[in-house]
Amino acid sequence: VVTLFKNATSLITNSPAGEGALGVIHQAAFVSDDDGRVAWVGEEVDVPESYATADAVDLEGCLVMPGWVECHTHLVFAGDRTLDYAARCRGVSYEEVAARGGGIRLSVRETRSASRETLLDLGRARLQEFLSYGVTTVEIKSGYGLSYEHELKCLEVIAQLAAEGPIRIEATVLGAHIVPDEYADRRSEYIAMLTERLLPEVARRKLARFVDVFCEVGAYTVAETREILTCAKNLGLGVKLHAEQLSRTGASQLAAEFGAVSADHLEYVDSDDAEALARAGTVAVLLPGAGLFLGGAKKPPVRLLLDAGVKVALSTDFNPGTCPSTHLPMMTTLGCSWLGLSPEEAIHGVTVNAARALALTDGRGSLAVGAPCDFSVQRIGSWQEIPYRFGHNAVEQVWVSGNRVF
Ligand code: NIG
Ligand code: FE
């Protein structure tokens, strides 16, 4: 059905339709067409006559935001890491916790023993949390299965979550998260399993659009990462990388070389890296929740990236070890207060730039004509209050394709 939404005090379009960087329209209205796309957007006084008889929804003077895009999560896992966290609070490092058998390894053990139903139930509840913050697209990585069988199990869970809706899901295979223990002294055999079996199967069944690798000391070397990315490219899969999170490994140069859609974390990125990312059009995905949760010792150099011309997205990194929070609005606060983004840059980071980090070209992250009519309705005075009132969530309604889903 065609629906006319009216009485929005302000509407963020992220398009030239409105004023300023966010394309804000005041006293706004917009129309969702039969296909759930934005057919018209503008000031309420200018609503075309042809929509006068359409079903109308009164937004009661609320603020309207395009549906947010969460571009980096590890949402499918079982168990938790509360004991690791307690140890880290007493001063044990993330790397040390992992060396003692905790860390990603622990989540792998628990995820392997969990049934599909358990993983689905956990996934549904976590997606519902994202929805409550006005997030309508979520990227989900595998990476806690780490065997042919268990990675496919997790990817099938992701596919099932995508089929159930209403959140739009983009899947990434992170079979190269760490090398699982049983392959510790024969790493190349695990990598061969990835390149010869898992990735071809994922590509054949279209279980993921992207391949990601944790390129880091204690995870995968640059040479190993190159081998995996070469395979990904040959299979026609897009590339993302966990890069320069805990040390500078050269992963962001590799991301640029492979034309990665994004390089994520980037705490240790330098100015040469920033220029390479800019030239390649690779989006920098910053994950301040993870940085802060690990103790906040190192922040990514935001201005260095922006000044080089790199587009910056913000995400939670939702995962059991470094950011067990789905609070994407809070990440806009951390992006501003802690990393030094402007409020406009932070909002772009969870909308249009996050869409770019997923190579989405359908207009998601904006409410421009032709974009999917995905939006949240927030009872808040102005968009500036979103990063400012940290911890607050003003979302009252969420709509996907012009249908109310929350
Ligand atoms: O993005 N860096 C690697 N992966 C995750 C953490 C995963 C975990 O600790 O379970 C991250 O921070
Ligand atoms: Fe991550």
# chains A, B, ... in the order shown; residues from 1 in each chain; ligands from 1
>>> closest_atom_pairs(of="region 256-355 of chain A", to="region 92-101 of chain A", cutoff="9 Å", atoms="only C-alpha atoms", output="CSV")
residue,atom,partner,partner_atom,distance
A:Leu294,CA,A:Tyr94,CA,7.1
A:Gly321,CA,A:Tyr94,CA,8.6
A:Thr322,CA,A:Tyr94,CA,8.7
>>> residues_around(residues="Val369 (chain A)", least_positions_apart="2", cutoff="10 Å", atoms="only C-alpha atoms", output="PDB file with C-alpha atoms, in the first residue's frame")
ATOM      1  CA  THR A  13      17.265  12.383   4.700  1.00  0.00           C
ATOM      2  CA  SER A  15      20.391  13.404   0.761  1.00  0.00           C
ATOM      3  CA  ALA A  17      16.757  17.002  -0.501  1.00  0.00           C
ATOM      4  CA  PHE A  30       7.179  11.447   3.054  1.00  0.00           C
ATOM      5  CA  VAL A  31       5.511   8.705   1.075  1.00  0.00           C
ATOM      6  CA  SER A  32       6.192   4.966   0.916  1.00  0.00           C
ATOM      7  CA  ARG A  37      10.390   2.534  -1.252  1.00  0.00           C
ATOM      8  CA  VAL A  38      10.424   6.274  -0.691  1.00  0.00           C
ATOM      9  CA  ALA A  39       8.275   7.795  -3.430  1.00  0.00           C
ATOM     10  CA  TRP A  40       8.323  11.384  -2.245  1.00  0.00           C
ATOM     11  CA  VAL A  41       9.913  13.369   0.607  1.00  0.00           C
ATOM     12  CA  GLY A 363      20.009   3.926  -0.938  1.00  0.00           C
ATOM     13  CA  SER A 366      19.218   7.550   3.511  1.00  0.00           C
ATOM     14  CA  LEU A 367      15.593   8.528   2.965  1.00  0.00           C
ATOM     15  CA  ALA A 371      15.608   4.218  -1.111  1.00  0.00           C
ATOM     16  CA  PRO A 372      13.944   1.471   0.953  1.00  0.00           C
ATOM     17  CA  CYS A 373      11.459   3.123   3.296  1.00  0.00           C
TER      18      CYS A 373
END
>>> residues_near_ligand(ligand="ligand 1", cutoff="9 Å", atoms="only C-alpha atoms and all ligand atoms", output="count of residues only")
39
>>> select_by_dssp(residues="region 177-398 of chain A", states="alpha helix (DSSP H)", output="PyMOL selection string")
chain A and resi 187-193+199-204+222-234+251-257+271-280+288-293+302-308+328-333+343-349+352-356+385-388
>>> residues_around(residues="Ser115 (chain A)", least_positions_apart="2", cutoff="12 Å", atoms="only C-alpha atoms", output="compact mmCIF listing (two decimals) with C-alpha atoms, in the first residue's frame")
# COMPACT_ATOMS: atom_id res chain seq x y z
CA VAL A 76 26.13 -15.69 16.30
CA PHE A 77 27.82 -17.19 19.35
CA ALA A 78 26.85 -19.08 22.49
CA GLU A 110 30.56 -23.02 23.44
CA THR A 111 29.35 -22.21 19.93
CA ARG A 112 30.36 -25.63 18.64
CA SER A 113 28.36 -27.35 21.37
CA GLU A 117 17.90 -23.69 17.69
CA THR A 118 19.90 -22.22 20.58
CA LEU A 119 21.95 -20.06 18.21
CA LEU A 120 18.79 -18.96 16.42
CA ASP A 121 17.06 -17.99 19.65
CA LEU A 122 20.10 -16.04 20.82
CA GLY A 145 32.62 -22.31 14.47
CA HIS A 150 30.46 -25.47 12.44
CA LYS A 153 26.12 -24.21 10.85
CA CYS A 154 26.64 -20.58 11.89
CA GLU A 156 23.01 -21.25 7.97
CA VAL A 157 21.76 -19.69 11.21
>>> closest_residue(among="A:Asp270, A:Asp374, A:Glu201, A:Glu139", to="ligand 2", atoms="only C-alpha atoms and all ligand atoms")
A:Glu139
>>> residues_around(residues="Leu63 (chain A)", least_positions_apart="4", cutoff="9 Å", atoms="only C-alpha atoms", output="mmCIF file with N, CA, C and O atoms, in the first residue's frame")
data_model
loop_
_atom_site.group_PDB
_atom_site.id
_atom_site.type_symbol
_atom_site.label_atom_id
_atom_site.label_comp_id
_atom_site.auth_asym_id
_atom_site.auth_seq_id
_atom_site.Cartn_x
_atom_site.Cartn_y
_atom_site.Cartn_z
ATOM 1 N N ALA A 8 6.313 15.046 10.951
ATOM 2 C CA ALA A 8 7.646 14.812 11.528
ATOM 3 C C ALA A 8 8.272 16.192 11.744
ATOM 4 O O ALA A 8 8.397 16.956 10.800
ATOM 5 N N THR A 9 8.621 16.503 13.004
ATOM 6 C CA THR A 9 9.206 17.819 13.292
ATOM 7 C C THR A 9 10.480 18.018 12.490
ATOM 8 O O THR A 9 10.729 19.081 11.945
ATOM 9 N N SER A 10 11.299 16.972 12.448
ATOM 10 C CA SER A 10 12.434 17.018 11.530
ATOM 11 C C SER A 10 12.719 15.626 11.021
ATOM 12 O O SER A 10 12.424 14.624 11.682
ATOM 13 N N LEU A 11 13.269 15.595 9.837
ATOM 14 C CA LEU A 11 13.519 14.338 9.149
ATOM 15 C C LEU A 11 14.931 14.403 8.575
ATOM 16 O O LEU A 11 15.284 15.358 7.891
ATOM 17 N N ILE A 12 15.731 13.398 8.923
ATOM 18 C CA ILE A 12 17.094 13.313 8.385
ATOM 19 C C ILE A 12 17.002 12.511 7.095
ATOM 20 O O ILE A 12 16.616 11.344 7.129
ATOM 21 N N LEU A 59 2.950 11.156 12.664
ATOM 22 C CA LEU A 59 4.159 10.867 13.459
ATOM 23 C C LEU A 59 4.278 11.759 14.701
ATOM 24 O O LEU A 59 5.313 11.772 15.368
ATOM 25 N N SER A 376 13.322 5.048 11.673
ATOM 26 C CA SER A 376 12.871 5.025 13.064
ATOM 27 C C SER A 376 12.204 6.343 13.380
ATOM 28 O O SER A 376 12.476 7.372 12.747
ATOM 29 N N VAL A 377 11.299 6.293 14.361
ATOM 30 C CA VAL A 377 10.576 7.474 14.833
ATOM 31 C C VAL A 377 11.030 7.681 16.266
ATOM 32 O O VAL A 377 10.896 6.784 17.101
ATOM 33 N N GLN A 378 11.613 8.838 16.535
ATOM 34 C CA GLN A 378 12.228 9.063 17.838
ATOM 35 C C GLN A 378 11.588 10.267 18.527
ATOM 36 O O GLN A 378 11.444 11.322 17.926
ATOM 37 N N ARG A 379 11.237 10.066 19.798
ATOM 38 C CA ARG A 379 10.646 11.172 20.553
ATOM 39 C C ARG A 379 11.779 11.964 21.212
ATOM 40 O O ARG A 379 12.170 11.722 22.341
ATOM 41 N N ILE A 380 12.314 12.880 20.437
ATOM 42 C CA ILE A 380 13.491 13.631 20.862
ATOM 43 C C ILE A 380 13.443 14.955 20.123
ATOM 44 O O ILE A 380 12.876 15.041 19.032
ATOM 45 N N GLY A 381 14.004 16.007 20.716
ATOM 46 C CA GLY A 381 13.859 17.345 20.144
ATOM 47 C C GLY A 381 14.622 17.531 18.847
ATOM 48 O O GLY A 381 14.125 18.132 17.897
ATOM 49 N N SER A 382 15.855 17.024 18.804
ATOM 50 C CA SER A 382 16.671 17.253 17.616
ATOM 51 C C SER A 382 17.641 16.097 17.461
ATOM 52 O O SER A 382 17.959 15.400 18.424
ATOM 53 N N TRP A 383 18.131 15.906 16.248
ATOM 54 C CA TRP A 383 19.066 14.794 16.001
ATOM 55 C C TRP A 383 20.333 14.971 16.821
ATOM 56 O O TRP A 383 20.986 13.987 17.178
#
>>> closest_residue(among="A:Gly402, A:Pro288, A:Gly370, A:Pro301", to="ligand 2", atoms="only C-alpha atoms and all ligand atoms")
A:Pro288
>>> select_by_dssp(residues="region 50-270 of chain A", states="strand (DSSP E or B)", output="VMD selection string")
chain A and resid 55 to 66 68 to 70 135 to 141 168 to 176 210 to 215 220 238 to 243 262 to 265
>>> write_last_selection(atoms="N, CA and C atoms", output="tab-separated table (two decimals), in the first residue's frame")
chain	number	residue	atom	x	y	z
A	55	ASP	N	-3.34	6.25	2.58
A	55	ASP	CA	-3.39	6.01	4.04
A	55	ASP	C	-2.39	6.95	4.68
A	56	ALA	N	-2.79	7.62	5.77
A	56	ALA	CA	-1.87	8.57	6.40
A	56	ALA	C	-1.50	8.11	7.80
A	57	VAL	N	-0.25	8.32	8.18
A	57	VAL	CA	0.22	8.01	9.53
A	57	VAL	C	0.74	9.30	10.15
A	58	ASP	N	0.21	9.66	11.31
A	58	ASP	CA	0.63	10.88	12.00
A	58	ASP	C	1.82	10.56	12.91
A	59	LEU	N	2.95	11.16	12.66
A	59	LEU	CA	4.16	10.87	13.46
A	59	LEU	C	4.28	11.76	14.70
A	60	GLU	N	3.23	12.49	15.00
A	60	GLU	CA	3.08	13.21	16.28
A	60	GLU	C	4.25	14.13	16.64
A	61	GLY	N	4.84	14.73	15.64
A	61	GLY	CA	5.90	15.70	15.93
A	61	GLY	C	7.23	15.08	16.31
A	62	CYS	N	7.38	13.77	16.06
A	62	CYS	CA	8.65	13.11	16.38
A	62	CYS	C	9.71	13.40	15.31
A	63	LEU	N	10.93	12.93	15.61
A	63	LEU	CA	12.03	13.03	14.67
A	63	LEU	C	12.11	11.72	13.88
A	64	VAL	N	12.41	11.82	12.59
A	64	VAL	CA	12.54	10.62	11.77
A	64	VAL	C	13.97	10.50	11.27
A	65	MET	N	14.52	9.31	11.44
A	65	MET	CA	15.89	8.97	11.03
A	65	MET	C	15.81	7.84	10.01
A	66	PRO	N	16.68	7.84	9.00
A	66	PRO	CA	16.77	6.64	8.16
A	66	PRO	C	17.13	5.44	9.04
A	68	TRP	N	19.12	2.73	10.71
A	68	TRP	CA	20.58	2.69	10.86
A	68	TRP	C	21.13	1.37	10.34
A	69	VAL	N	22.39	1.43	9.94
A	69	VAL	CA	23.08	0.27	9.39
A	69	VAL	C	24.21	-0.11	10.35
A	70	GLU	N	24.13	-1.31	10.91
A	70	GLU	CA	25.19	-1.83	11.80
A	70	GLU	C	26.08	-2.71	10.93
A	135	VAL	N	17.90	0.22	14.32
A	135	VAL	CA	18.81	-0.39	13.35
A	135	VAL	C	17.99	-1.33	12.47
A	136	THR	N	18.08	-1.17	11.15
A	136	THR	CA	17.26	-1.98	10.23
A	136	THR	C	18.10	-2.85	9.30
A	137	THR	N	19.42	-2.67	9.32
A	137	THR	CA	20.32	-3.55	8.57
A	137	THR	C	21.46	-3.94	9.49
A	138	VAL	N	21.79	-5.23	9.53
A	138	VAL	CA	22.89	-5.70	10.39
A	138	VAL	C	23.78	-6.66	9.60
A	139	GLU	N	25.08	-6.38	9.63
A	139	GLU	CA	26.05	-7.33	9.09
A	139	GLU	C	26.37	-8.33	10.19
A	140	ILE	N	26.44	-9.62	9.82
A	140	ILE	CA	26.78	-10.66	10.81
A	140	ILE	C	27.90	-11.52	10.24
A	141	LYS	N	28.94	-11.71	11.06
A	141	LYS	CA	30.05	-12.58	10.68
A	141	LYS	C	29.91	-13.92	11.37
A	168	ARG	N	17.23	-6.47	7.82
A	168	ARG	CA	17.98	-6.90	6.63
A	168	ARG	C	19.37	-7.33	7.09
A	169	ILE	N	19.79	-8.50	6.66
A	169	ILE	CA	21.05	-9.08	7.11
A	169	ILE	C	22.04	-9.15	5.95
A	170	GLU	N	23.29	-8.81	6.21
A	170	GLU	CA	24.38	-9.01	5.25
A	170	GLU	C	25.36	-9.96	5.93
A	171	ALA	N	25.71	-11.06	5.28
A	171	ALA	CA	26.54	-12.09	5.92
A	171	ALA	C	27.99	-12.02	5.46
A	172	THR	N	28.88	-12.30	6.41
A	172	THR	CA	30.32	-12.35	6.15
A	172	THR	C	30.88	-13.63	6.75
A	173	VAL	N	31.76	-14.30	6.00
A	173	VAL	CA	32.39	-15.50	6.55
A	173	VAL	C	33.76	-15.13	7.14
A	174	LEU	N	33.89	-15.40	8.43
A	174	LEU	CA	35.14	-15.12	9.17
A	174	LEU	C	35.70	-16.45	9.68
A	175	GLY	N	35.82	-17.40	8.73
A	175	GLY	CA	36.44	-18.69	9.09
A	175	GLY	C	37.86	-18.49	9.58
A	176	ALA	N	38.49	-17.38	9.16
A	176	ALA	CA	39.85	-17.05	9.59
A	176	ALA	C	39.80	-16.03	10.74
A	210	PHE	N	30.74	-11.44	1.85
A	210	PHE	CA	32.09	-10.98	2.15
A	210	PHE	C	32.90	-12.05	2.88
A	211	VAL	N	34.23	-11.94	2.71
A	211	VAL	CA	35.17	-12.73	3.49
A	211	VAL	C	35.95	-11.75	4.36
A	212	ASP	N	36.12	-12.10	5.63
A	212	ASP	CA	36.87	-11.27	6.57
A	212	ASP	C	37.98	-12.14	7.17
A	213	VAL	N	39.08	-11.50	7.56
A	213	VAL	CA	40.18	-12.20	8.23
A	213	VAL	C	40.64	-11.33	9.39
A	214	PHE	N	40.90	-11.96	10.54
A	214	PHE	CA	41.50	-11.25	11.68
A	214	PHE	C	43.01	-11.31	11.46
A	215	CYS	N	43.54	-10.24	10.84
A	215	CYS	CA	44.97	-10.19	10.51
A	215	CYS	C	45.68	-9.53	11.69
A	220	TYR	N	46.06	-14.28	12.22
A	220	TYR	CA	46.61	-14.60	10.90
A	220	TYR	C	47.66	-13.60	10.48
A	238	GLY	N	33.35	-10.38	-1.83
A	238	GLY	CA	33.92	-9.11	-1.39
A	238	GLY	C	34.83	-9.34	-0.19
A	239	VAL	N	35.63	-8.33	0.12
A	239	VAL	CA	36.64	-8.48	1.17
A	239	VAL	C	36.50	-7.40	2.23
A	240	LYS	N	36.66	-7.84	3.49
A	240	LYS	CA	36.74	-6.94	4.65
A	240	LYS	C	37.91	-7.43	5.49
A	241	LEU	N	38.48	-6.59	6.32
A	241	LEU	CA	39.58	-7.06	7.18
A	241	LEU	C	39.49	-6.46	8.57
A	242	HIS	N	39.79	-7.28	9.59
A	242	HIS	CA	40.10	-6.77	10.92
A	242	HIS	C	41.56	-6.34	10.86
A	243	ALA	N	41.80	-5.04	10.90
A	243	ALA	CA	43.14	-4.53	10.59
A	243	ALA	C	43.67	-3.59	11.67
A	262	SER	N	35.89	-2.58	3.31
A	262	SER	CA	36.19	-1.89	4.57
A	262	SER	C	37.42	-2.49	5.23
A	263	ALA	N	38.07	-1.64	6.04
A	263	ALA	CA	39.12	-2.09	6.95
A	263	ALA	C	38.64	-1.64	8.33
A	264	ASP	N	38.63	-2.58	9.28
A	264	ASP	CA	37.91	-2.33	10.53
A	264	ASP	C	38.87	-2.33	11.73
A	265	HIS	N	38.54	-1.48	12.69
A	265	HIS	CA	39.33	-1.23	13.93
A	265	HIS	C	40.32	-0.09	13.71
>>> closest_residue(among="A:Asp307, A:Glu44, A:Glu164, A:Glu151", to="Ala208 (chain A)", atoms="only C-alpha atoms")
A:Glu151
>>> closest_residue(among="A:Gly309, A:Pro166, A:Gly295, A:Gly236", to="Leu199 (chain A)", atoms="only C-alpha atoms")
A:Gly236
>>> residues_around(residues="His327 (chain A)", least_positions_apart="6", cutoff="10 Å", atoms="only C-alpha atoms", output="NGL selection string")
:A and (129-130 or 132-133 or 135 or 289 or 315-316 or 318 or 391-393)
>>> residues_around(residues="Ala192 (chain A)", least_positions_apart="3", cutoff="12 Å", atoms="only C-alpha atoms", output="PyMOL selection string")
chain A and resi 147-148+175-176+179+183+186-189+195-200+224+227-228+231
>>> residues_around(residues="Ser271 (chain A)", least_positions_apart="4", cutoff="8 Å", atoms="only C-alpha atoms", output="list in words")
Glu275, Leu304, Leu305 and Ala308 of chain A
>>> write_last_selection(atoms="N, CA and C atoms", output="compact mmCIF listing (two decimals), in the first residue's frame")
# COMPACT_ATOMS: atom_id res chain seq x y z
N GLU A 275 46.34 6.95 3.48
CA GLU A 275 46.31 7.35 2.07
C GLU A 275 45.99 6.18 1.16
N LEU A 304 43.33 11.80 11.09
CA LEU A 304 44.28 11.33 10.09
C LEU A 304 43.53 10.65 8.93
N LEU A 305 42.56 9.81 9.30
CA LEU A 305 41.77 9.10 8.29
C LEU A 305 40.91 10.08 7.49
N ALA A 308 42.81 12.33 5.18
CA ALA A 308 43.31 11.63 3.98
C ALA A 308 42.18 11.39 2.97
>>> decode(residues="region 248-275 of chain A", atoms="N, CA and C atoms", output="PDB file, in the first residue's frame")
ATOM      1  N   ARG A 248      50.320  -2.771  14.599  1.00  0.00           N
ATOM      2  CA  ARG A 248      50.317  -2.467  13.170  1.00  0.00           C
ATOM      3  C   ARG A 248      50.967  -3.626  12.422  1.00  0.00           C
ATOM      4  N   THR A 249      50.157  -4.324  11.628  1.00  0.00           N
ATOM      5  CA  THR A 249      50.644  -5.513  10.932  1.00  0.00           C
ATOM      6  C   THR A 249      50.836  -5.281   9.427  1.00  0.00           C
ATOM      7  N   GLY A 250      50.261  -4.207   8.899  1.00  0.00           N
ATOM      8  CA  GLY A 250      50.255  -4.002   7.448  1.00  0.00           C
ATOM      9  C   GLY A 250      48.956  -4.472   6.818  1.00  0.00           C
ATOM     10  N   ALA A 251      47.991  -4.827   7.642  1.00  0.00           N
ATOM     11  CA  ALA A 251      46.713  -5.340   7.125  1.00  0.00           C
ATOM     12  C   ALA A 251      45.945  -4.281   6.334  1.00  0.00           C
ATOM     13  N   SER A 252      46.073  -3.015   6.698  1.00  0.00           N
ATOM     14  CA  SER A 252      45.281  -2.015   5.965  1.00  0.00           C
ATOM     15  C   SER A 252      45.849  -1.795   4.562  1.00  0.00           C
ATOM     16  N   GLN A 253      47.171  -1.923   4.399  1.00  0.00           N
ATOM     17  CA  GLN A 253      47.754  -1.849   3.044  1.00  0.00           C
ATOM     18  C   GLN A 253      47.226  -3.008   2.194  1.00  0.00           C
ATOM     19  N   LEU A 254      47.121  -4.156   2.832  1.00  0.00           N
ATOM     20  CA  LEU A 254      46.598  -5.335   2.136  1.00  0.00           C
ATOM     21  C   LEU A 254      45.127  -5.114   1.759  1.00  0.00           C
ATOM     22  N   ALA A 255      44.372  -4.531   2.680  1.00  0.00           N
ATOM     23  CA  ALA A 255      42.957  -4.220   2.410  1.00  0.00           C
ATOM     24  C   ALA A 255      42.870  -3.330   1.177  1.00  0.00           C
ATOM     25  N   ALA A 256      43.717  -2.310   1.124  1.00  0.00           N
ATOM     26  CA  ALA A 256      43.695  -1.382  -0.014  1.00  0.00           C
ATOM     27  C   ALA A 256      44.068  -2.123  -1.293  1.00  0.00           C
ATOM     28  N   GLU A 257      45.100  -2.939  -1.211  1.00  0.00           N
ATOM     29  CA  GLU A 257      45.555  -3.686  -2.388  1.00  0.00           C
ATOM     30  C   GLU A 257      44.437  -4.565  -2.960  1.00  0.00           C
ATOM     31  N   PHE A 258      43.642  -5.153  -2.099  1.00  0.00           N
ATOM     32  CA  PHE A 258      42.572  -6.044  -2.551  1.00  0.00           C
ATOM     33  C   PHE A 258      41.260  -5.307  -2.798  1.00  0.00           C
ATOM     34  N   GLY A 259      41.285  -3.977  -2.692  1.00  0.00           N
ATOM     35  CA  GLY A 259      40.047  -3.217  -2.900  1.00  0.00           C
ATOM     36  C   GLY A 259      38.969  -3.613  -1.917  1.00  0.00           C
ATOM     37  N   ALA A 260      39.359  -3.839  -0.665  1.00  0.00           N
ATOM     38  CA  ALA A 260      38.397  -4.236   0.370  1.00  0.00           C
ATOM     39  C   ALA A 260      37.303  -3.177   0.505  1.00  0.00           C
ATOM     40  N   VAL A 261      36.097  -3.617   0.797  1.00  0.00           N
ATOM     41  CA  VAL A 261      35.027  -2.635   1.028  1.00  0.00           C
ATOM     42  C   VAL A 261      35.270  -1.901   2.333  1.00  0.00           C
ATOM     43  N   SER A 262      35.894  -2.579   3.313  1.00  0.00           N
ATOM     44  CA  SER A 262      36.191  -1.893   4.571  1.00  0.00           C
ATOM     45  C   SER A 262      37.423  -2.485   5.226  1.00  0.00           C
ATOM     46  N   ALA A 263      38.067  -1.642   6.044  1.00  0.00           N
ATOM     47  CA  ALA A 263      39.124  -2.087   6.954  1.00  0.00           C
ATOM     48  C   ALA A 263      38.640  -1.643   8.330  1.00  0.00           C
ATOM     49  N   ASP A 264      38.630  -2.578   9.279  1.00  0.00           N
ATOM     50  CA  ASP A 264      37.912  -2.332  10.528  1.00  0.00           C
ATOM     51  C   ASP A 264      38.867  -2.330  11.725  1.00  0.00           C
ATOM     52  N   HIS A 265      38.536  -1.482  12.692  1.00  0.00           N
ATOM     53  CA  HIS A 265      39.326  -1.233  13.929  1.00  0.00           C
ATOM     54  C   HIS A 265      40.315  -0.095  13.706  1.00  0.00           C
ATOM     55  N   LEU A 266      41.520  -0.390  13.145  1.00  0.00           N
ATOM     56  CA  LEU A 266      42.483   0.646  12.714  1.00  0.00           C
ATOM     57  C   LEU A 266      43.086   1.483  13.836  1.00  0.00           C
ATOM     58  N   GLU A 267      43.141   0.958  15.062  1.00  0.00           N
ATOM     59  CA  GLU A 267      43.766   1.701  16.149  1.00  0.00           C
ATOM     60  C   GLU A 267      45.205   2.102  15.808  1.00  0.00           C
ATOM     61  N   TYR A 268      45.942   1.224  15.119  1.00  0.00           N
ATOM     62  CA  TYR A 268      47.369   1.451  14.884  1.00  0.00           C
ATOM     63  C   TYR A 268      47.678   1.898  13.453  1.00  0.00           C
ATOM     64  N   VAL A 269      46.682   2.391  12.734  1.00  0.00           N
ATOM     65  CA  VAL A 269      46.877   2.797  11.340  1.00  0.00           C
ATOM     66  C   VAL A 269      47.798   4.029  11.283  1.00  0.00           C
ATOM     67  N   ASP A 270      48.641   4.146  10.241  1.00  0.00           N
ATOM     68  CA  ASP A 270      49.471   5.350  10.105  1.00  0.00           C
ATOM     69  C   ASP A 270      49.071   6.136   8.850  1.00  0.00           C
ATOM     70  N   SER A 271      49.787   7.240   8.581  1.00  0.00           N
ATOM     71  CA  SER A 271      49.307   8.133   7.520  1.00  0.00           C
ATOM     72  C   SER A 271      49.467   7.507   6.136  1.00  0.00           C
ATOM     73  N   ASP A 272      50.504   6.685   5.921  1.00  0.00           N
ATOM     74  CA  ASP A 272      50.621   5.986   4.627  1.00  0.00           C
ATOM     75  C   ASP A 272      49.437   5.044   4.421  1.00  0.00           C
ATOM     76  N   ASP A 273      49.082   4.355   5.503  1.00  0.00           N
ATOM     77  CA  ASP A 273      47.942   3.431   5.431  1.00  0.00           C
ATOM     78  C   ASP A 273      46.670   4.200   5.082  1.00  0.00           C
ATOM     79  N   ALA A 274      46.497   5.338   5.740  1.00  0.00           N
ATOM     80  CA  ALA A 274      45.285   6.143   5.520  1.00  0.00           C
ATOM     81  C   ALA A 274      45.194   6.551   4.060  1.00  0.00           C
ATOM     82  N   GLU A 275      46.335   6.949   3.479  1.00  0.00           N
ATOM     83  CA  GLU A 275      46.308   7.352   2.072  1.00  0.00           C
ATOM     84  C   GLU A 275      45.987   6.180   1.160  1.00  0.00           C
TER      85      GLU A 275
END
